[in-house]
Amino acid sequence: MSQVNPFEERMFPAIEFRDVYLYYDDKKVLDGISFTVRKGETKIILGRSGGGKSTIIKLVLGLIKPDSGRILIDGEDITDYTEPEMMRVRQKIGMVFQEGALFDSLSVYDNVAYKLHEQGLPEEIVEEEVRKMLRFVDLEDAIDKMPSQLSGGMRRRVGIARALVGHPEIVLFDEPTAGLDPPTARTICELVVKLRDLENVSSIFVTHEMQNIEYLSSEYAVINEKGEVVFEKEGEKLCLINTEIMILREGKIIFSGKDEQLKKAATTDPYIRRFLHGR
Amino acid sequence: MSFLQQGLYELQELTLLTFRAFYRLRKKPRYFREVIQQIDIIGVGSTPIILLTGFFTGAVLVLQSFQILAYYGAQSQVGRMVTFSLFRELGPVLAGLMVAGRIGSAITAELGSMVVSQQIDAMRALGTDPVKKLVAPRIIALLVALPLLTVVANVSGIIGGGITSKYIFNLDTTVFISSVLDAITTKNIIVTLVKPFFFGLIIGSVACYKGLGTTGGTVGVGISTTRSVVLSSIVIIIADFFLTRALQNILGIDF
C-alpha cells in the first residue's frame with residue numbers, strides 16, 4: 001500500500017524547529033526555539049519588533065544559519081546544507097517580504113515571471129502562469145508597470161504573486177500588512193486564508209497587528225455552488241484547527257496555541273494582555 | 001576586533017567571494033546575457049570618459065616634457081616617450097581609476113540598495129544564487145572591458161600627444177608617428193594588457209564585496225560606495241607597483 005492516508009500526511013510537519021539558538025555578535029536572538037508547522041497549517045508569529053520574528057523566516061529559507069539546533073523542511077534536515085543545496089529546497093518555498101522586495105529593474109510581469117524565466121520555460125507558458133497569478137491577487141491590469149509606479153499595497157500583492165509562482169507547498173509572510181490601510185490588509189489576509197483552505201499551503205505569518213489574527217483564526221474560505229470563493233466565520237458547527245498563534249518574547253516562545261486559548265491566556269498573563277490590548 | 005584583524009577578515013571574505021564567483025561557474029546556469037549586458041554598460045558606457053582622459057593625458061605629457069627633451073636634443077623621441085608612459089603606466093592606471101570611480105561605485109550602490117531593500121534575499125529565496133547572477137557577470141565583464149578600455153586610453157593619448165606636438169611645438173607628424181611605432185613593442189603590449197586585467201579583478205571584487213556587505217539602510221549604501229571607490233583606487237595604485245616589478249622580472253624589461 002503506497003497510498004498515504006491524507007490524515008497522516010497532514011500530521012507530517014512541513015517545518016520543524018528543534019531547539020534552535022541564534023546569536024548576533026553577543027546578543028541572543030533566538031533562545032532554544034522549538035515548534036512545528038503541520039501541512040496545511042498557518043502559524044501566526046507575534047512579537048515585538050526586533051524580537052526575532054523575521055529571523056525565524058530567514059532560518060526557514062536558509063538565508064542565515066542557526067548557531068545550534070536543527071531545522072527540518074518536509075522532514076529534510078537543512079541545517080548544514082550549502083548554498084547550492086539550499087537552492088533546491090527553496091524551490092518549494094514562497095516568501096513574501098515586508099516591503100515586497102520587488103526587483104526595481106524589472107517590470108511587474110518580469111518580477112512575477114522571475115522564477116519561470118530562471119527555469120528557462122517557454123514564454124507562452126510563462127505568460128499564462130503570470131496572468132493567472134496576477135489575477136489571483138487582482139492586479140492583472142498592472143502587468144506592464146514598473147515597481148516604482150505601484151502603491152505600497154500593490155507592491156505587496158505583486159510580491160505575493162511572485163512568491164506563489166510554481167505552487168510552493170510552504171509560503172512565508174513577513175509582515176505583509178504592515179503600513180497598509182485596513183481594506184488592503186483585509187485583502188491580503190483573504191489571500192492567505194484562500195491559500196490555506198483551498199490550496200492546502202503551509203505558512204508562517206509574521207505580524208503584530210491584532211486584526212490580522214482575528215481574520216486568519218476565525219474565518220475560512222469555501223467554494224459555493226456558483227463556484228465563487230466565499231469567506232465564512234467559524235461558529236457552532238465548525239472550529240478552525242489549522243491556525244495557531246505563537247508569541248515570541250526575547251527569543252523565547254511564551255505562548256503557543258489557538259486564538260481561544262490566547263484570549264484565555266490574556267486574562268492571566270500581563271505581558272500577553274498588554275500585547276493584545278496595548279495596555 | 002583590532003584594525004589588523006578586521007583588515008585580514010575583509011581580505012579573506014573578499015577573496016572567498018571572488019573565488020566562489022569563478023568556482024560556481026562550472027555549473028549551469030551561467031547568465032551569459034548578463035555578462036554581455038555588463039560589458040556593454042562598463043565598456044561601451046565608459047568609452048567617452050576614457051577617450052577624454054586619455055586624450056588630455058597624452059596631450060599634457062607632451063606639453064610638460066617636450067622642452068626637456070628638446071634641451072637634450074631628443075624632441076624627435078617625444079612620441080616614444082608618450083607611448084612608453086601610456087602603455088606601461090598611465091593607460092592602465094588611469095583607465096583603472098576612472099572605471100573604479102564610474103563603475104565600481106555604481107556596482108556597489110546597486111548591490112547595496114538591493115541588499116537594504118531585501119532584493120538579494122528575495123533573489124536567494126527565489127532560488128537564484130546572487131554570486132552567479134550578479135557578482136560573476138560583473139567581474140567577468142570588467143576583466144574583458146578594462147583591457148579594451150586601456151587600449152582606447154592608449155590610442156587616444158597618443159593622438160592627443162601627436163596633436164599637441166604638431167600644433168604647439170611644430171613637430172613633423174611623420175617623426176612623431178615613427179617614434180610611436182618604435183615604442184609599440186611586444187613587451188609593452190603585454191604590460192598594457194596584463195595590468196588592467198588585474199585592476200579589473202580588483203575593482204569587480206571590491207565593488208561586489210562592499211555592495212553585498214552593506215548594512216544600515218540608505219546611509220549604509222552611501223558609506224559602502226565611498227569605501228568601495230577609495231579601497232579599489234588605493235589597491236590599484238599599490239598593486240600597480242608590485243605588478244610593475246613582477247612584470248619587469250618576468251619580461252626582463254631593462255629599459
# chains A, B, ... in the order shown; residues from 1 in each chain; ligands from 1
$ select_by_dssp --residues "range 78-185 of chain A" --states "strand (DSSP E)" --output "list in words"
Ile93, Gly94, Met95, Val96, Ile170, Val171, Leu172, Phe173 and Asp174 of chain A
$ write_last_selection --atoms "N, CA, C and O atoms" --output "short mmCIF file (atom, residue, chain, number, x, y, z; two decimals), in the first residue's frame"
data_model
loop_
_atom_site.label_atom_id
_atom_site.label_comp_id
_atom_site.auth_asym_id
_atom_site.auth_seq_id
_atom_site.Cartn_x
_atom_site.Cartn_y
_atom_site.Cartn_z
N ILE A 93 9.47 26.68 -1.49
CA ILE A 93 9.07 27.70 -0.52
C ILE A 93 8.84 29.03 -1.23
O ILE A 93 9.64 29.43 -2.06
N GLY A 94 7.73 29.69 -0.89
CA GLY A 94 7.49 31.04 -1.41
C GLY A 94 7.66 32.02 -0.27
O GLY A 94 7.35 31.70 0.87
N MET A 95 8.18 33.20 -0.58
CA MET A 95 8.44 34.15 0.50
C MET A 95 7.90 35.52 0.13
O MET A 95 8.18 36.03 -0.95
N VAL A 96 7.12 36.11 1.03
CA VAL A 96 6.60 37.47 0.82
C VAL A 96 7.33 38.39 1.79
O VAL A 96 7.24 38.22 3.00
N ILE A 170 5.02 25.64 0.84
CA ILE A 170 5.19 26.45 2.04
C ILE A 170 5.30 27.91 1.61
O ILE A 170 6.02 28.22 0.68
N VAL A 171 4.53 28.80 2.26
CA VAL A 171 4.66 30.23 1.96
C VAL A 171 4.93 30.98 3.26
O VAL A 171 4.27 30.73 4.28
N LEU A 172 5.92 31.85 3.22
CA LEU A 172 6.30 32.62 4.41
C LEU A 172 5.93 34.07 4.20
O LEU A 172 6.25 34.66 3.18
N PHE A 173 5.23 34.65 5.18
CA PHE A 173 4.82 36.06 5.07
C PHE A 173 5.51 36.86 6.16
O PHE A 173 5.31 36.59 7.35
N ASP A 174 6.31 37.84 5.77
CA ASP A 174 6.99 38.67 6.75
C ASP A 174 6.28 40.02 6.83
O ASP A 174 6.50 40.90 6.01
#
$ interface_residues --of "chain B" --to "chain A" --cutoff "7 Å" --atoms "only C-alpha atoms" --output "JSON, numbers by chain"
{"B": [117, 118, 119, 122, 125, 126, 127]}
$ write_last_selection --atoms "C-alpha atoms" --output "PDB file, in the first residue's frame"
ATOM      1  CA  SER B 117      15.610  46.623   0.145  1.00  0.00           C
ATOM      2  CA  GLN B 118      15.829  42.832   0.640  1.00  0.00           C
ATOM      3  CA  GLN B 119      16.069  42.186  -3.099  1.00  0.00           C
ATOM      4  CA  ALA B 122      14.312  37.765  -2.422  1.00  0.00           C
ATOM      5  CA  ALA B 125      14.511  32.929  -1.819  1.00  0.00           C
ATOM      6  CA  LEU B 126      13.504  32.521  -5.468  1.00  0.00           C
ATOM      7  CA  GLY B 127      16.311  30.037  -5.914  1.00  0.00           C
TER       8      GLY B 127
END
$ residues_around --residues "Phe55 in chain B" --least-positions-apart "4" --cutoff "6 Å" --atoms "only C-alpha atoms" --output "PDB file with all heavy atoms, in the first residue's frame"
ATOM      1  N   LEU B  51      38.153  58.083 -23.434  1.00  0.00           N
ATOM      2  CA  LEU B  51      38.681  58.824 -24.588  1.00  0.00           C
ATOM      3  C   LEU B  51      39.168  60.203 -24.158  1.00  0.00           C
ATOM      4  O   LEU B  51      40.273  60.628 -24.494  1.00  0.00           O
ATOM      5  CB  LEU B  51      37.590  58.988 -25.655  1.00  0.00           C
ATOM      6  CG  LEU B  51      37.388  57.839 -26.643  1.00  0.00           C
ATOM      7  CD1 LEU B  51      36.149  58.093 -27.492  1.00  0.00           C
ATOM      8  CD2 LEU B  51      38.614  57.667 -27.522  1.00  0.00           C
ATOM      9  N   SER B 156      43.990  57.041 -27.712  1.00  0.00           N
ATOM     10  CA  SER B 156      43.552  58.439 -27.714  1.00  0.00           C
ATOM     11  C   SER B 156      44.621  59.331 -27.079  1.00  0.00           C
ATOM     12  O   SER B 156      44.764  60.497 -27.453  1.00  0.00           O
ATOM     13  CB  SER B 156      42.175  58.585 -27.067  1.00  0.00           C
ATOM     14  OG  SER B 156      42.278  58.937 -25.731  1.00  0.00           O
ATOM     15  N   GLY B 157      45.401  58.772 -26.152  1.00  0.00           N
ATOM     16  CA  GLY B 157      46.509  59.529 -25.565  1.00  0.00           C
ATOM     17  C   GLY B 157      47.574  59.834 -26.594  1.00  0.00           C
ATOM     18  O   GLY B 157      48.110  60.952 -26.646  1.00  0.00           O
ATOM     19  N   GLY B 160      46.326  62.535 -28.788  1.00  0.00           N
ATOM     20  CA  GLY B 160      46.418  63.810 -28.069  1.00  0.00           C
ATOM     21  C   GLY B 160      47.841  64.340 -28.070  1.00  0.00           C
ATOM     22  O   GLY B 160      48.085  65.528 -28.317  1.00  0.00           O
TER      23      GLY B 160
END
$ residues_around --residues "Glu232 in chain A" --least-positions-apart "5" --cutoff "7 Å" --atoms "only C-alpha atoms" --output "list in words"
Glu219, Tyr220 and Ala221 of chain A
$ residues_around --residues "Gly257 in chain A" --least-positions-apart "4" --cutoff "9 Å" --atoms "only C-alpha atoms" --output "list in words"
Thr243, Glu244, Ile245, Met246, Gln261 and Leu262 of chain A
$ write_last_selection --atoms "N, CA, C and O atoms" --output "CSV table (one decimal), in the first residue's frame"
chain,number,residue,atom,x,y,z
A,243,THR,N,-5.0,26.8,12.3
A,243,THR,CA,-4.3,28.1,12.5
A,243,THR,C,-3.9,28.2,14.0
A,243,THR,O,-4.7,28.0,14.9
A,244,GLU,N,-2.6,28.4,14.2
A,244,GLU,CA,-2.1,28.5,15.6
A,244,GLU,C,-1.3,29.8,15.7
A,244,GLU,O,-0.8,30.3,14.7
A,245,ILE,N,-1.3,30.3,16.9
A,245,ILE,CA,-0.6,31.5,17.2
A,245,ILE,C,0.6,31.2,18.1
A,245,ILE,O,0.5,30.4,19.0
A,246,MET,N,1.7,32.0,17.9
A,246,MET,CA,2.9,31.7,18.7
A,246,MET,C,3.4,33.1,19.1
A,246,MET,O,3.5,34.0,18.3
A,261,GLN,N,-7.4,30.0,23.1
A,261,GLN,CA,-6.5,29.9,24.3
A,261,GLN,C,-5.8,31.2,24.5
A,261,GLN,O,-5.4,31.5,25.6
A,262,LEU,N,-5.5,31.9,23.4
A,262,LEU,CA,-4.8,33.2,23.5
A,262,LEU,C,-5.6,34.1,24.3
A,262,LEU,O,-5.1,34.8,25.2
$ select_by_dssp --residues "range 68-154 of chain B" --states "alpha helix (DSSP H)" --output "ChimeraX atom specification"
/B:68-71,78-85,91-99,105-116,119-125,130,136-154
$ residues_around --residues "range 36-38 of chain A" --least-positions-apart "3" --cutoff "10 Å" --atoms "only C-alpha atoms" --output "number ranges by chain"
A: 9-18, 41-43, 71-74, 170, 201-204, 242-244
$ write_last_selection --atoms "N, CA and C atoms" --output "short mmCIF file (atom, residue, chain, number, x, y, z; two decimals), in the first residue's frame"
data_model
loop_
_atom_site.label_atom_id
_atom_site.label_comp_id
_atom_site.auth_asym_id
_atom_site.auth_seq_id
_atom_site.Cartn_x
_atom_site.Cartn_y
_atom_site.Cartn_z
N GLU A 9 -0.81 12.42 6.34
CA GLU A 9 0.02 13.36 5.62
C GLU A 9 -0.07 14.74 6.26
N ARG A 10 -1.25 15.07 6.76
CA ARG A 10 -1.45 16.36 7.39
C ARG A 10 -0.70 16.45 8.72
N MET A 11 -0.48 15.32 9.35
CA MET A 11 0.19 15.35 10.63
C MET A 11 1.71 15.50 10.46
N PHE A 12 2.18 15.25 9.26
CA PHE A 12 3.61 15.29 8.98
C PHE A 12 4.06 16.74 8.92
N PRO A 13 5.06 17.16 9.71
CA PRO A 13 5.37 18.59 9.74
C PRO A 13 6.02 19.12 8.45
N ALA A 14 5.55 20.27 8.01
CA ALA A 14 6.16 20.92 6.85
C ALA A 14 7.42 21.64 7.28
N ILE A 15 7.35 22.25 8.48
CA ILE A 15 8.51 22.96 9.02
C ILE A 15 8.69 22.50 10.46
N GLU A 16 9.90 22.23 10.83
CA GLU A 16 10.14 21.85 12.22
C GLU A 16 11.41 22.52 12.72
N PHE A 17 11.32 23.18 13.87
CA PHE A 17 12.49 23.76 14.55
C PHE A 17 12.75 22.93 15.79
N ARG A 18 14.00 22.50 15.96
CA ARG A 18 14.34 21.74 17.17
C ARG A 18 15.41 22.47 17.96
N GLU A 41 -1.14 24.02 7.63
CA GLU A 41 -1.38 24.85 8.81
C GLU A 41 -0.81 26.24 8.61
N THR A 42 -1.46 27.24 9.24
CA THR A 42 -0.90 28.58 9.25
C THR A 42 -0.45 28.88 10.67
N LYS A 43 0.83 29.27 10.77
CA LYS A 43 1.36 29.60 12.09
C LYS A 43 1.55 31.10 12.13
N ILE A 71 16.91 22.40 11.89
CA ILE A 71 15.73 22.89 11.18
C ILE A 71 15.39 21.89 10.09
N LEU A 72 14.14 21.46 10.07
CA LEU A 72 13.71 20.48 9.08
C LEU A 72 12.62 21.05 8.20
N ILE A 73 12.75 20.84 6.90
CA ILE A 73 11.70 21.23 5.95
C ILE A 73 11.21 19.95 5.30
N ASP A 74 9.89 19.66 5.46
CA ASP A 74 9.36 18.44 4.88
C ASP A 74 10.14 17.20 5.36
N ILE A 170 5.02 25.64 0.84
CA ILE A 170 5.19 26.45 2.04
C ILE A 170 5.30 27.91 1.61
N VAL A 201 -1.81 25.04 1.58
CA VAL A 201 -0.44 25.53 1.72
C VAL A 201 -0.11 25.70 3.22
N SER A 202 1.09 25.31 3.60
CA SER A 202 1.54 25.57 4.97
C SER A 202 2.17 26.95 4.98
N SER A 203 1.93 27.71 6.06
CA SER A 203 2.54 29.04 6.05
C SER A 203 2.91 29.53 7.43
N ILE A 204 3.87 30.45 7.42
CA ILE A 204 4.22 31.20 8.63
C ILE A 204 3.86 32.65 8.34
N ASN A 242 -6.63 24.67 11.91
CA ASN A 242 -5.39 24.74 11.14
C ASN A 242 -4.68 26.08 11.27
N THR A 243 -5.01 26.83 12.32
CA THR A 243 -4.29 28.09 12.53
C THR A 243 -3.88 28.19 13.99
N GLU A 244 -2.59 28.40 14.18
CA GLU A 244 -2.09 28.52 15.55
C GLU A 244 -1.32 29.81 15.71
#
$ residues_around --residues "range 104-114 of chain B" --least-positions-apart "3" --cutoff "9 Å" --atoms "only C-alpha atoms" --output "number ranges by chain"
A: 101, 103-104; B: 99-101, 117-121, 134, 138, 203-204, 206-215, 217-218, 220-222, 224-226, 228-229, 232
$ closest_residue --among "A:Phe35, A:Phe275, A:Tyr215, A:Tyr81" --to "Ser256 in chain A" --atoms "only C-alpha atoms"
A:Phe35
$ atom_distance --atom1 "CA of Met154 in chain A" --atom2 "CA of Ser105 in chain A"
16.7 Å
$ atom_distance --atom1 "CA of Gly47 in chain A" --atom2 "CA of Arg249 in chain A"
6.3 Å
$ closest_residue --among "B:Thr244, B:Thr15, B:Thr128, B:Gln75" --to "Pro29 in chain B" --atoms "only C-alpha atoms"
B:Thr128
